>>> print(open('model39.csv').read())   # CSV, C-alpha atoms
chain,number,residue,atom,x,y,z
A,25,MET,CA,-54.1,-40.0,-46.1
A,26,ARG,CA,-52.5,-42.3,-48.7
A,27,LEU,CA,-49.0,-41.4,-49.8
A,28,LYS,CA,-47.7,-43.1,-52.9
A,29,ASN,CA,-44.9,-40.9,-54.0
A,30,PRO,CA,-41.6,-41.9,-52.3
A,31,PHE,CA,-40.7,-38.2,-51.8
A,32,SER,CA,-44.1,-37.5,-50.1
A,33,ILE,CA,-43.6,-40.4,-47.8
A,34,ARG,CA,-40.1,-39.2,-46.8
A,35,LEU,CA,-41.3,-35.7,-46.4
A,36,HIS,CA,-44.2,-36.9,-44.2
A,37,LYS,CA,-41.9,-38.8,-41.9
A,38,ALA,CA,-39.5,-35.9,-41.7
A,39,LEU,CA,-42.4,-33.6,-40.7
A,40,ILE,CA,-43.5,-36.0,-38.0
A,41,VAL,CA,-40.0,-35.9,-36.5
A,42,PHE,CA,-39.9,-32.1,-36.8
A,43,PHE,CA,-43.2,-31.7,-34.9
A,44,LEU,CA,-42.3,-34.3,-32.3
A,45,ASN,CA,-39.1,-32.4,-31.6
A,46,ALA,CA,-41.0,-29.1,-31.5
A,47,VAL,CA,-43.4,-30.5,-28.9
A,48,LYS,CA,-40.6,-31.7,-26.7
A,49,LYS,CA,-38.9,-28.2,-26.9
A,50,SER,CA,-42.1,-26.3,-26.4
A,51,LEU,CA,-43.1,-28.2,-23.3
A,52,GLN,CA,-40.0,-26.8,-21.6
A,53,ASN,CA,-41.5,-23.3,-21.9
A,54,PRO,CA,-45.2,-22.9,-21.0
A,55,LYS,CA,-45.8,-19.7,-23.0
A,56,GLN,CA,-44.2,-21.3,-26.1
A,57,ALA,CA,-46.2,-24.5,-25.6
A,58,VAL,CA,-49.5,-22.5,-25.7
A,59,GLN,CA,-48.6,-20.7,-28.9
A,60,PHE,CA,-47.3,-23.9,-30.5
A,61,PHE,CA,-50.5,-25.8,-29.8
A,62,LYS,CA,-52.6,-22.9,-31.1
A,63,THR,CA,-50.6,-23.0,-34.3
A,64,VAL,CA,-50.9,-26.7,-34.7
A,65,SER,CA,-54.7,-26.4,-34.1
A,66,TYR,CA,-54.8,-23.8,-37.0
A,67,LEU,CA,-52.8,-26.1,-39.2
A,68,PHE,CA,-55.2,-29.1,-38.6
A,69,GLN,CA,-58.2,-26.8,-39.2
A,70,SER,CA,-56.8,-25.6,-42.5
A,71,ALA,CA,-55.9,-29.1,-43.6
A,72,ARG,CA,-59.6,-30.1,-43.0
A,73,ARG,CA,-60.7,-27.2,-45.1
A,74,ARG,CA,-58.4,-28.1,-47.9
A,75,ALA,CA,-59.6,-31.7,-47.8
A,76,LYS,CA,-63.2,-30.6,-47.9
A,77,TRP,CA,-62.5,-28.5,-51.0
A,78,GLU,CA,-60.5,-31.2,-52.6
A,79,ARG,CA,-63.4,-33.6,-52.2
A,80,LYS,CA,-65.4,-31.0,-54.2
A,81,GLY,CA,-62.8,-31.1,-56.9
A,82,VAL,CA,-61.0,-27.8,-56.1
A,83,GLN,CA,-57.4,-27.9,-55.2
A,84,VAL,CA,-56.5,-25.2,-52.7
A,85,PRO,CA,-52.9,-24.4,-52.0
A,86,ALA,CA,-51.9,-24.4,-48.3
A,87,ILE,CA,-50.8,-20.8,-48.5
A,88,MET,CA,-54.4,-19.6,-49.2
A,89,ILE,CA,-55.8,-20.9,-46.0
A,90,TYR,CA,-54.3,-20.1,-42.6
>>> encode(input="model39.csv", output="structure tokens")
Amino acid sequence: MRLKNPFSIRLHKALIVFFLNAVKKSLQNPKQAVQFFKTVSYLFQSARRRAKWERKGVQVPAIMIY
């Protein structure tokens, strides 16, 4: 993923920090960790779907795929 917009780069870095902190906190509670990793799995799956559609020329908002 190539980020050119300075805002996008900053947001991307902030999201990385957010998810790293979430991983640290969720590992303290096994039930929460399972739910967190399921959610992250769904997020990656939807990102792959959006990328697939974007390659076809269709922009799909993240809210439409979960």
>>> closest_residue(input="model39.csv", among="A:Leu51, A:Ala86, A:Ile33, A:Ala38", to="Ala71 in chain A", atoms="all atoms listed in the file")
A:Ala86
>>> atom_distance(input="model39.csv", atom1="CA of Glu78 in chain A", atom2="CA of Phe61 in chain A")
25.5 Å
>>> residues_near_point(input="model39.csv", point="(-46.4, -27.2, -37.0)", cutoff="9 Å", atoms="all atoms listed in the file", output="list of chain:residue names")
A:Leu39, A:Phe42, A:Phe43, A:Ala46, A:Phe60, A:Phe61, A:Thr63, A:Val64, A:Ser65, A:Leu67
>>> atom_distance(input="model39.csv", atom1="CA of Ala57 in chain A", atom2="CA of Ile40 in chain A")
17.1 Å
>>> atom_distance(input="model39.csv", atom1="CA of Lys48 in chain A", atom2="CA of Arg72 in chain A")
25.1 Å
